[in-house]
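input_24.cif (mmCIF, C-alpha atoms and all ligand atoms)
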data_protein
#
loop_
_atom_site.label_atom_id
_atom_site.label_comp_id
_atom_site.auth_asym_id
_atom_site.auth_seq_id
_atom_site.Cartn_x
_atom_site.Cartn_y
_atom_site.Cartn_z
CA MET A 24 -94.44 19.07 -35.08
CA ALA A 25 -91.31 16.95 -35.19
CA THR A 26 -87.79 17.30 -36.53
CA TYR A 27 -86.65 14.70 -39.05
CA LEU A 28 -83.28 13.95 -40.57
CA ILE A 29 -83.29 12.76 -44.17
CA THR A 30 -80.06 11.33 -45.54
CA GLY A 31 -79.75 11.67 -49.30
CA ILE A 32 -82.19 14.59 -49.12
CA ALA A 33 -81.18 15.99 -52.53
CA GLY A 34 -81.83 12.70 -54.29
CA PHE A 35 -84.99 11.66 -56.06
CA ILE A 36 -86.71 9.92 -53.15
CA GLY A 37 -85.15 12.07 -50.41
CA SER A 38 -86.41 15.28 -51.99
CA HIS A 39 -89.97 13.95 -52.21
CA LEU A 40 -89.87 12.90 -48.56
CA ALA A 41 -88.58 16.34 -47.59
CA GLN A 42 -91.43 18.00 -49.46
CA ALA A 43 -94.03 15.75 -47.82
CA LEU A 44 -92.70 16.43 -44.32
CA VAL A 45 -92.42 20.18 -44.91
CA GLU A 46 -96.00 20.23 -46.22
CA ARG A 47 -97.10 18.57 -42.98
CA GLY A 48 -95.44 21.34 -40.97
CA HIS A 49 -92.41 19.41 -39.72
CA HIS A 50 -88.83 20.62 -39.41
CA VAL A 51 -86.57 18.90 -41.89
CA ARG A 52 -82.81 18.58 -41.72
CA GLY A 53 -81.06 16.88 -44.58
CA ILE A 54 -77.63 15.67 -45.50
CA ASP A 55 -76.27 14.95 -48.96
CA ASN A 56 -72.83 14.68 -50.54
CA PHE A 57 -74.28 15.74 -53.93
CA SER A 58 -72.61 12.87 -55.73
CA THR A 59 -75.90 11.92 -57.35
CA GLY A 60 -78.25 14.30 -55.50
CA ARG A 61 -79.01 17.68 -57.05
CA ARG A 62 -79.67 21.02 -55.38
CA GLU A 63 -82.40 21.71 -57.97
CA ASN A 64 -84.40 18.86 -56.46
CA LEU A 65 -84.86 21.02 -53.35
CA ALA A 66 -85.20 24.40 -55.05
CA HIS A 67 -88.92 24.69 -54.27
CA ILE A 68 -88.41 24.05 -50.53
CA ALA A 69 -84.85 25.34 -50.10
CA GLU A 70 -85.89 27.94 -47.48
CA LYS A 71 -87.71 25.37 -45.46
CA VAL A 72 -85.03 22.71 -45.01
CA ASP A 73 -81.79 22.76 -43.09
CA LEU A 74 -79.43 21.37 -45.72
CA LEU A 75 -75.95 20.19 -44.78
CA THR A 76 -73.28 18.95 -47.17
CA VAL A 77 -72.22 15.76 -45.43
CA ASP A 78 -70.92 12.50 -46.84
CA LEU A 79 -72.19 9.37 -45.14
CA VAL A 80 -68.63 8.04 -44.98
CA ASN A 81 -67.73 10.88 -42.58
CA ALA A 82 -68.77 9.30 -39.28
CA ASP A 83 -68.25 12.42 -37.15
CA ALA A 84 -70.24 14.70 -39.44
CA VAL A 85 -73.02 12.12 -39.68
CA ALA A 86 -73.12 11.83 -35.87
CA ARG A 87 -73.40 15.62 -35.54
CA ALA A 88 -76.26 15.69 -38.04
CA CYS A 89 -78.19 13.17 -35.92
CA VAL A 90 -78.20 15.29 -32.76
CA GLY A 91 -81.58 16.70 -31.83
CA VAL A 92 -83.82 14.97 -34.35
CA ASP A 93 -86.88 12.86 -33.55
CA ALA A 94 -86.45 10.25 -36.26
CA ILE A 95 -84.40 9.51 -39.37
CA LEU A 96 -85.28 8.56 -42.93
CA HIS A 97 -82.12 6.96 -44.28
CA GLN A 98 -82.29 7.31 -48.07
CA GLY A 99 -78.67 8.21 -48.80
CA ALA A 100 -76.86 5.66 -50.94
CA LEU A 101 -74.90 5.36 -54.14
CA PRO A 102 -77.64 3.77 -56.21
CA SER A 103 -77.59 1.34 -59.12
CA VAL A 104 -76.91 -2.35 -59.44
CA PRO A 105 -74.74 -2.01 -62.60
CA ARG A 106 -72.67 0.79 -61.03
CA SER A 107 -71.87 -1.50 -58.10
CA VAL A 108 -70.82 -4.24 -60.51
CA LYS A 109 -68.51 -1.90 -62.41
CA ASP A 110 -66.98 -0.27 -59.34
CA PRO A 111 -68.04 -1.90 -56.04
CA ARG A 112 -65.88 0.02 -53.56
CA PRO A 113 -67.57 3.45 -53.70
CA SER A 114 -70.95 1.72 -53.45
CA HIS A 115 -69.75 -0.32 -50.50
CA ASN A 116 -68.42 2.76 -48.74
CA SER A 117 -71.61 4.78 -49.13
CA ASN A 118 -74.14 2.01 -48.80
CA LEU A 119 -72.71 -0.16 -46.06
CA ASP A 120 -70.16 1.92 -44.15
CA GLY A 121 -72.50 4.88 -44.56
CA THR A 122 -75.41 2.97 -43.07
CA PHE A 123 -73.27 1.82 -40.18
CA ASN A 124 -72.13 5.40 -39.54
CA LEU A 125 -75.73 6.55 -39.57
CA LEU A 126 -76.81 3.89 -37.09
CA GLU A 127 -73.93 4.71 -34.78
CA GLY A 128 -74.77 8.41 -35.01
CA ALA A 129 -78.42 7.67 -34.26
CA ARG A 130 -77.52 5.46 -31.30
CA ALA A 131 -75.16 8.05 -29.81
CA ALA A 132 -77.84 10.75 -30.20
CA GLY A 133 -80.49 8.54 -28.58
CA ILE A 134 -82.72 8.44 -31.64
CA GLN A 135 -85.22 5.64 -31.65
CA ARG A 136 -86.73 5.41 -35.06
CA VAL A 137 -84.77 4.92 -38.27
CA VAL A 138 -86.60 4.12 -41.51
CA TYR A 139 -84.20 2.54 -43.99
CA ALA A 140 -84.41 2.48 -47.79
CA ALA A 141 -83.81 -1.19 -48.50
CA SER A 142 -83.89 -2.80 -51.93
CA SER A 143 -85.98 -5.47 -53.57
CA SER A 144 -82.78 -6.57 -55.32
CA ALA A 145 -82.10 -8.55 -52.12
CA TYR A 146 -84.43 -11.27 -53.46
CA GLY A 147 -82.22 -11.95 -56.49
CA ASN A 148 -83.32 -14.35 -59.20
CA GLN A 149 -84.67 -17.18 -57.09
CA PRO A 150 -87.97 -18.78 -58.10
CA GLY A 151 -91.16 -17.84 -56.31
CA PHE A 152 -93.49 -14.91 -56.95
CA PRO A 153 -94.74 -12.74 -55.47
CA ARG A 154 -91.78 -11.94 -53.25
CA VAL A 155 -92.62 -12.28 -49.57
CA GLU A 156 -90.39 -10.90 -46.83
CA THR A 157 -90.04 -14.36 -45.27
CA MET A 158 -88.16 -15.67 -48.35
CA ALA A 159 -84.45 -16.14 -47.84
CA PRO A 160 -82.63 -13.35 -49.69
CA GLN A 161 -80.32 -14.27 -52.56
CA PRO A 162 -78.49 -11.09 -53.52
CA ILE A 163 -76.39 -11.30 -56.68
CA ALA A 164 -74.52 -8.05 -57.29
CA PRO A 165 -72.59 -5.98 -54.73
CA TYR A 166 -75.38 -3.37 -54.45
CA PRO A 167 -78.00 -5.81 -53.13
CA VAL A 168 -75.42 -7.33 -50.80
CA GLN A 169 -74.70 -3.88 -49.36
CA LYS A 170 -78.37 -3.01 -49.05
CA LEU A 171 -79.16 -6.35 -47.43
CA ALA A 172 -76.26 -6.02 -45.01
CA GLY A 173 -77.72 -2.63 -44.09
CA GLU A 174 -81.01 -4.35 -43.29
CA LEU A 175 -79.23 -6.83 -41.05
CA TYR A 176 -77.56 -3.95 -39.22
CA MET A 177 -80.96 -2.28 -38.82
CA GLN A 178 -82.35 -5.47 -37.33
CA SER A 179 -79.37 -5.91 -35.09
CA TYR A 180 -79.75 -2.39 -33.69
CA ALA A 181 -83.40 -3.11 -32.99
CA ARG A 182 -82.55 -6.32 -31.14
CA VAL A 183 -79.42 -5.24 -29.31
CA TYR A 184 -80.10 -1.57 -28.60
CA GLY A 185 -83.89 -1.55 -28.70
CA MET A 186 -84.04 0.97 -31.55
CA GLU A 187 -87.17 1.16 -33.71
CA THR A 188 -85.52 0.47 -37.03
CA VAL A 189 -87.65 -0.48 -40.01
CA CYS A 190 -86.57 -1.54 -43.49
CA LEU A 191 -88.64 -0.68 -46.56
CA ARG A 192 -87.67 -2.77 -49.57
CA TYR A 193 -88.34 -0.49 -52.50
CA PHE A 194 -89.41 -2.01 -55.80
CA ASN A 195 -88.37 0.16 -58.80
CA ILE A 196 -89.56 3.54 -57.59
CA PHE A 197 -90.15 6.06 -60.40
CA GLY A 198 -91.52 9.55 -60.84
CA PRO A 199 -90.66 13.22 -61.22
CA ARG A 200 -87.09 14.28 -60.40
CA GLN A 201 -85.60 10.85 -60.98
CA THR A 202 -82.32 11.47 -62.79
CA PRO A 203 -82.92 10.64 -66.46
CA ASP A 204 -79.54 11.31 -68.02
CA SER A 205 -77.05 9.07 -66.27
CA PRO A 206 -75.96 5.70 -67.64
CA TYR A 207 -77.28 4.36 -64.33
CA SER A 208 -80.70 6.01 -64.51
CA GLY A 209 -83.84 3.99 -63.97
CA VAL A 210 -85.47 2.81 -67.14
CA ILE A 211 -88.66 4.90 -66.89
CA ALA A 212 -86.80 8.18 -66.35
CA LYS A 213 -84.45 7.32 -69.22
CA PHE A 214 -87.24 6.43 -71.63
CA CYS A 215 -89.21 9.59 -70.73
CA LEU A 216 -86.26 11.80 -71.58
CA GLN A 217 -85.34 9.87 -74.71
CA MET A 218 -88.91 9.81 -76.03
CA LEU A 219 -89.63 13.45 -75.24
CA LYS A 220 -86.34 14.91 -76.42
CA THR A 221 -86.03 12.88 -79.58
CA GLY A 222 -85.19 15.03 -82.57
CA LYS A 223 -84.41 18.00 -80.31
CA THR A 224 -81.01 16.86 -79.12
CA LYS A 225 -78.29 14.48 -80.23
CA ASP A 226 -80.31 11.78 -78.59
CA GLU A 227 -80.03 8.11 -78.06
CA GLN A 228 -83.09 6.10 -78.94
CA PRO A 229 -84.80 4.28 -76.10
CA THR A 230 -83.30 0.80 -76.07
CA ILE A 231 -84.73 -2.31 -74.50
CA GLN A 232 -82.04 -4.56 -73.04
CA GLY A 233 -83.09 -8.16 -73.67
CA ASP A 234 -86.44 -9.26 -75.08
CA GLY A 235 -88.46 -6.73 -73.08
CA GLU A 236 -90.45 -9.46 -71.37
CA GLN A 237 -88.64 -8.91 -68.08
CA GLY A 238 -91.09 -7.60 -65.52
CA ARG A 239 -90.95 -5.11 -62.68
CA ASP A 240 -93.28 -4.02 -59.90
CA PHE A 241 -92.84 -0.38 -60.88
CA THR A 242 -93.92 1.85 -57.98
CA TYR A 243 -94.78 5.52 -58.26
CA ILE A 244 -92.94 7.81 -55.86
CA ALA A 245 -96.10 8.93 -54.01
CA ASN A 246 -96.57 5.34 -52.85
CA ALA A 247 -93.03 5.18 -51.46
CA VAL A 248 -93.54 8.51 -49.69
CA SER A 249 -96.77 7.25 -48.16
CA ALA A 250 -95.05 4.08 -46.92
CA ASN A 251 -92.33 6.13 -45.24
CA LEU A 252 -94.81 8.46 -43.52
CA LEU A 253 -96.81 5.49 -42.25
CA ALA A 254 -93.66 3.75 -41.04
CA LEU A 255 -92.68 6.90 -39.13
CA GLU A 256 -95.97 6.94 -37.28
CA ALA A 257 -96.65 3.24 -36.75
CA PRO A 258 -96.58 1.81 -33.23
CA ALA A 259 -93.11 0.42 -32.44
CA GLU A 260 -94.38 -3.10 -31.82
CA LYS A 261 -95.67 -3.28 -35.39
CA ILE A 262 -92.49 -2.26 -37.15
CA ALA A 263 -89.36 -2.42 -34.99
CA GLY A 264 -86.71 -4.67 -36.52
CA ARG A 265 -88.95 -5.65 -39.41
CA VAL A 266 -88.64 -5.63 -43.20
CA PHE A 267 -91.47 -4.65 -45.57
CA ASN A 268 -91.92 -4.70 -49.32
CA VAL A 269 -92.97 -1.34 -50.74
CA ALA A 270 -94.49 -1.84 -54.18
CA CYS A 271 -97.81 -1.97 -55.98
CA GLY A 272 -98.18 -5.73 -56.14
CA GLU A 273 -98.36 -5.72 -59.97
CA ARG A 274 -95.88 -6.85 -62.57
CA HIS A 275 -95.46 -4.88 -65.79
CA SER A 276 -93.18 -5.94 -68.62
CA LEU A 277 -90.73 -3.54 -70.16
CA ASN A 278 -92.44 -3.94 -73.54
CA GLU A 279 -95.76 -2.90 -72.00
CA THR A 280 -94.11 0.02 -70.20
CA TYR A 281 -92.50 1.14 -73.47
CA GLN A 282 -95.87 1.07 -75.26
CA ILE A 283 -97.61 3.13 -72.58
CA LEU A 284 -94.80 5.70 -72.49
CA ALA A 285 -94.77 5.91 -76.29
CA ARG A 286 -98.51 6.61 -76.25
CA LEU A 287 -98.20 9.22 -73.49
CA THR A 288 -95.30 11.02 -75.16
CA GLY A 289 -96.45 10.65 -78.77
CA TYR A 290 -93.25 8.77 -79.60
CA LYS A 291 -93.66 6.82 -82.80
CA LYS A 292 -90.50 4.79 -83.36
CA PRO A 293 -90.46 1.09 -82.60
CA ALA A 294 -88.26 -0.08 -79.75
CA VAL A 295 -84.62 -0.87 -80.41
CA TYR A 296 -83.49 -4.13 -78.80
CA THR A 297 -80.03 -4.90 -77.54
CA GLU A 298 -78.52 -7.69 -75.44
CA ALA A 299 -79.78 -8.24 -71.89
CA ARG A 300 -77.83 -6.48 -69.14
CA ALA A 301 -75.33 -8.68 -67.31
CA GLY A 302 -76.61 -9.64 -63.87
CA ASP A 303 -80.11 -8.37 -64.63
CA ILE A 304 -83.06 -9.66 -62.68
CA ARG A 305 -85.70 -11.28 -64.87
CA ASP A 306 -88.77 -10.57 -62.81
CA SER A 307 -89.91 -8.68 -59.80
CA LEU A 308 -93.29 -8.72 -58.11
CA ALA A 309 -94.08 -8.03 -54.48
CA ASP A 310 -96.54 -9.27 -51.93
CA ILE A 311 -97.44 -6.10 -50.04
CA SER A 312 -99.66 -7.62 -47.39
CA ALA A 313 -97.12 -7.27 -44.57
CA ALA A 314 -96.94 -3.47 -44.96
CA ARG A 315 -100.71 -3.36 -45.36
CA GLU A 316 -101.24 -5.26 -42.11
CA ALA A 317 -98.51 -3.59 -40.05
CA PHE A 318 -99.12 0.06 -40.93
CA GLY A 319 -102.01 0.31 -43.36
CA TYR A 320 -99.92 0.81 -46.49
CA GLU A 321 -101.94 0.89 -49.70
CA PRO A 322 -100.70 2.06 -53.10
CA ILE A 323 -102.42 5.38 -53.74
CA VAL A 324 -101.27 6.08 -57.31
CA SER A 325 -101.55 3.38 -59.98
CA PHE A 326 -98.81 2.47 -62.45
CA GLU A 327 -100.54 4.14 -65.41
CA GLU A 328 -101.45 7.27 -63.49
CA GLY A 329 -97.88 7.44 -62.19
CA LEU A 330 -96.51 7.16 -65.72
CA ALA A 331 -98.82 9.97 -66.87
CA GLN A 332 -97.67 12.22 -64.01
CA THR A 333 -94.04 11.38 -64.71
CA VAL A 334 -94.29 12.15 -68.43
CA ALA A 335 -96.08 15.42 -67.62
CA TRP A 336 -93.19 16.42 -65.35
CA TYR A 337 -90.37 15.68 -67.81
C1 LIG A 401 -83.89 -1.27 -59.69
C2 LIG A 401 -83.32 -0.15 -58.87
C3 LIG A 401 -82.20 -0.64 -58.03
C4 LIG A 401 -82.62 -1.83 -57.21
C5 LIG A 401 -83.31 -2.87 -58.11
C6 LIG A 401 -84.04 -3.93 -57.33
C7 LIG A 401 -83.76 1.84 -60.14
C8 LIG A 401 -83.17 2.89 -61.02
N1 LIG A 401 -82.90 0.90 -59.76
O1 LIG A 401 -82.91 -1.78 -60.57
O2 LIG A 401 -81.74 0.40 -57.20
O3 LIG A 401 -83.43 -1.42 -56.15
O4 LIG A 401 -84.33 -2.30 -58.87
O5 LIG A 401 -84.21 -5.06 -58.15
O6 LIG A 401 -84.91 1.88 -59.76
N2 LIG A 401 -83.36 -1.30 -69.14
C9 LIG A 401 -83.51 -1.21 -70.52
N3 LIG A 401 -83.07 -0.07 -71.14
C10 LIG A 401 -82.50 0.95 -70.47
C11 LIG A 401 -82.35 0.85 -69.04
C12 LIG A 401 -82.80 -0.31 -68.42
O7 LIG A 401 -84.01 -2.12 -71.18
O8 LIG A 401 -82.13 1.95 -71.09
C13 LIG A 401 -83.86 -2.53 -68.48
C14 LIG A 401 -82.85 -3.20 -67.57
O9 LIG A 401 -81.99 -4.09 -68.28
C15 LIG A 401 -83.77 -3.93 -66.61
C16 LIG A 401 -85.01 -3.01 -66.51
O10 LIG A 401 -84.94 -2.16 -67.63
O11 LIG A 401 -84.18 -5.17 -67.15
C17 LIG A 401 -85.03 -2.17 -65.26
O12 LIG A 401 -83.77 -1.55 -65.13
P1 LIG A 401 -83.50 -0.35 -64.09
O13 LIG A 401 -82.06 0.01 -64.20
O14 LIG A 401 -84.50 0.72 -64.27
O15 LIG A 401 -83.84 -1.00 -62.68
P2 LIG A 401 -83.34 -2.36 -61.97
O16 LIG A 401 -84.55 -3.23 -61.88
O17 LIG A 401 -82.09 -2.88 -62.56
#
Here is the file; what I need is its structure written in the form of structure tokens.
Amino acid sequence: MATYLITGIAGFIGSHLAQALVERGHHVRGIDNFSTGRRENLAHIAEKVDLLTVDLVNADAVARACVGVDAILHQGALPSVPRSVKDPRPSHNSNLDGTFNLLEGARAAGIQRVVYAASSSAYGNQPGFPRVETMAPQPIAPYPVQKLAGELYMQSYARVYGMETVCLRYFNIFGPRQTPDSPYSGVIAKFCLQMLKTGKTKDEQPTIQGDGEQGRDFTYIANAVSANLLALEAPAEKIAGRVFNVACGERHSLNETYQILARLTGYKKPAVYTEARAGDIRDSLADISAAREAFGYEPIVSFEEGLAQTVAWY
């Protein structure tokens, strides 16, 4: 039994990681500033986690939270590419300064392993699919710059201080508890709410930005959780200072995703189309062989099964 610190524990991904670790009998400590995280996300395990209200920008509080843990899952961030375009400073503070504070806290507390939630947005819009970790990153918006800079810090701390840092580049993670009602919500969560609540509330119709032929390697949350657990346990020589794609290795268009969700929810209206989002990425598809080889990662829940579970939850 180990003690883990999860930053961003009340967020979508953080809360799933907390649940998985609690179910395996571990002690879980978590920090969150509740800017986008929600206490309800932890309601079912509230007694079993040590929850602290700490903002990643508060270096001293972050350092205190690191003391006495065996490893860290660093999920805390102010998410969303468009949010970072609209207002880059808060994203920069949480995502980059926050990551630096976390690494300094971990170093001072003598913690070896830090698993970092990196972003596939680091690849940008360059040609070449599937994305392989050896490609040079080409971040466009502030958010991917911040997330990529966090990766570089992780790698630096592995090289300079010998820490076992590992970066997991998430590709469009979706599933239960993802916030559906923010302007910055992920498209699957948004569409689920809009399709299920239509007619019951003063709803917006699900709207496809662009022609709907943009593609994503949508990845169900259980796969991201599995990648984190494997990265926590992998031998240091396989993971330290390395970057791994976490995805399914499949591309699905937004039009296709809309059709499946409409079928699962019984939603009958045709999609409404609007202009493409500024700075949007056209396509995303991962090569997942590095994670497979280094720590045996394999997607365990398919896209369609994940959509069905997500719809059932909302
Ligand atoms: C996702 C991540 C982001 C980052 C990035 C990596 C989420 C929520 N965000 O951003 O953190 O890791 O991937 O590339 O997972 N769309 C619509 N209608 C809507 C909302 C979105 O058509 O109501 C479109 C949007 O223009 C885009 C696609 O759906 O083409 C996906 O958008 P998103 O916000 O879910 O995720 P993305 O890929 O921008």
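Shortest atom-to-atom contact with Asp310 in chain A among A:Asp83, A:Glu156, A:Asp204, A:Glu279: A:Glu156, counting only C-alpha atoms.
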Practice problem: Using only C-alpha atoms, give me every residue within 10 Å of (-73.4, 12.1, -35.9) in file coordinates, as a PyMOL selection string. | Solution: chain A and resi 79+81-90+124-132
Leaving out Leu219 in chain A and any residue of its chain fewer than 2 positions from it, which residues lie within 10 Å of it when counting all atoms listed in the file, given as an mmCIF file with C-alpha atoms, in the frame of the given file?
data_model
loop_
_atom_site.group_PDB
_atom_site.id
_atom_site.type_symbol
_atom_site.label_atom_id
_atom_site.label_comp_id
_atom_site.auth_asym_id
_atom_site.auth_seq_id
_atom_site.Cartn_x
_atom_site.Cartn_y
_atom_site.Cartn_z
ATOM 1 C CA PHE A 214 -87.240 6.430 -71.630
ATOM 2 C CA CYS A 215 -89.210 9.590 -70.730
ATOM 3 C CA LEU A 216 -86.260 11.800 -71.580
ATOM 4 C CA GLN A 217 -85.340 9.870 -74.710
ATOM 5 C CA THR A 221 -86.030 12.880 -79.580
ATOM 6 C CA GLY A 222 -85.190 15.030 -82.570
ATOM 7 C CA LYS A 223 -84.410 18.000 -80.310
ATOM 8 C CA LEU A 284 -94.800 5.700 -72.490
ATOM 9 C CA ALA A 285 -94.770 5.910 -76.290
ATOM 10 C CA LEU A 287 -98.200 9.220 -73.490
ATOM 11 C CA THR A 288 -95.300 11.020 -75.160
ATOM 12 C CA GLY A 289 -96.450 10.650 -78.770
ATOM 13 C CA TYR A 290 -93.250 8.770 -79.600
ATOM 14 C CA VAL A 334 -94.290 12.150 -68.430
ATOM 15 C CA TYR A 337 -90.370 15.680 -67.810
#
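Here CA of Glu298 in chain A is placed at a distance of 13.1 Å from atom O12 of ligand LIG 401 (chain A).
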Exercise. Anything within 10 Å of (-82.9, -17.7, -49.1): list those residues as a VMD selection string, counting all atoms listed in the file and sticking to the file's coordinates.
Key: chain A and resid 145 to 147 149 157 to 162
Practice problem: Find the residues near ligand LIG 401 (chain A). Use a cut-off of 6 Å, count all atoms listed in the file, and write them as a PyMOL selection string. | Solution: chain A and resi 102-104+142-144+194-196+208-210+230-232+237+299-300+303
Quiz item: Which is closest to Ala331 in chain A among A:Ile211, A:Ile29, A:Met24, A:Ile262, if we use only C-alpha atoms?
Solution: A:Ile211
Practice problem: Name all residues at most 6 Å from range 44-53 of chain A (count all atoms listed in the file; drop same-chain ones fewer than 5 positions away) and give them as a PyMOL selection string. | Solution: chain A and resi 24-30+32+72-74
So that I can see what lies close to range 250-254 of chain A, please list as a PDB file with C-alpha atoms, in the frame of the given file the residues with an atom at most 7 Å from it, counting only C-alpha atoms and leaving out residues fewer than 2 positions away in the same chain.
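Generated output (selection.pdb):
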ATOM      1  CA  ASN A 246     -96.570   5.340 -52.850  1.00  0.00           C
ATOM      2  CA  ALA A 247     -93.030   5.180 -51.460  1.00  0.00           C
ATOM      3  CA  VAL A 248     -93.540   8.510 -49.690  1.00  0.00           C
ATOM      4  CA  GLU A 256     -95.970   6.940 -37.280  1.00  0.00           C
ATOM      5  CA  ALA A 257     -96.650   3.240 -36.750  1.00  0.00           C
ATOM      6  CA  VAL A 269     -92.970  -1.340 -50.740  1.00  0.00           C
ATOM      7  CA  PHE A 318     -99.120   0.060 -40.930  1.00  0.00           C
ATOM      8  CA  TYR A 320     -99.920   0.810 -46.490  1.00  0.00           C
TER       9      TYR A 320
END
Find the smallest box with edges along x, y and z containing every listed atom of range 193-199 of chain A, then add 3 Å on each side and report centre and edge lengths in Å to one decimal, as lines of an AutoDock Vina configuration file.
center_x = -89.9
center_y = 5.6
center_z = -56.9
size_x = 9.2
size_y = 21.2
size_z = 14.7
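Distance-wise, CA of Gly302 in chain A and CA of Ser107 in chain A end up 11.0 Å apart.
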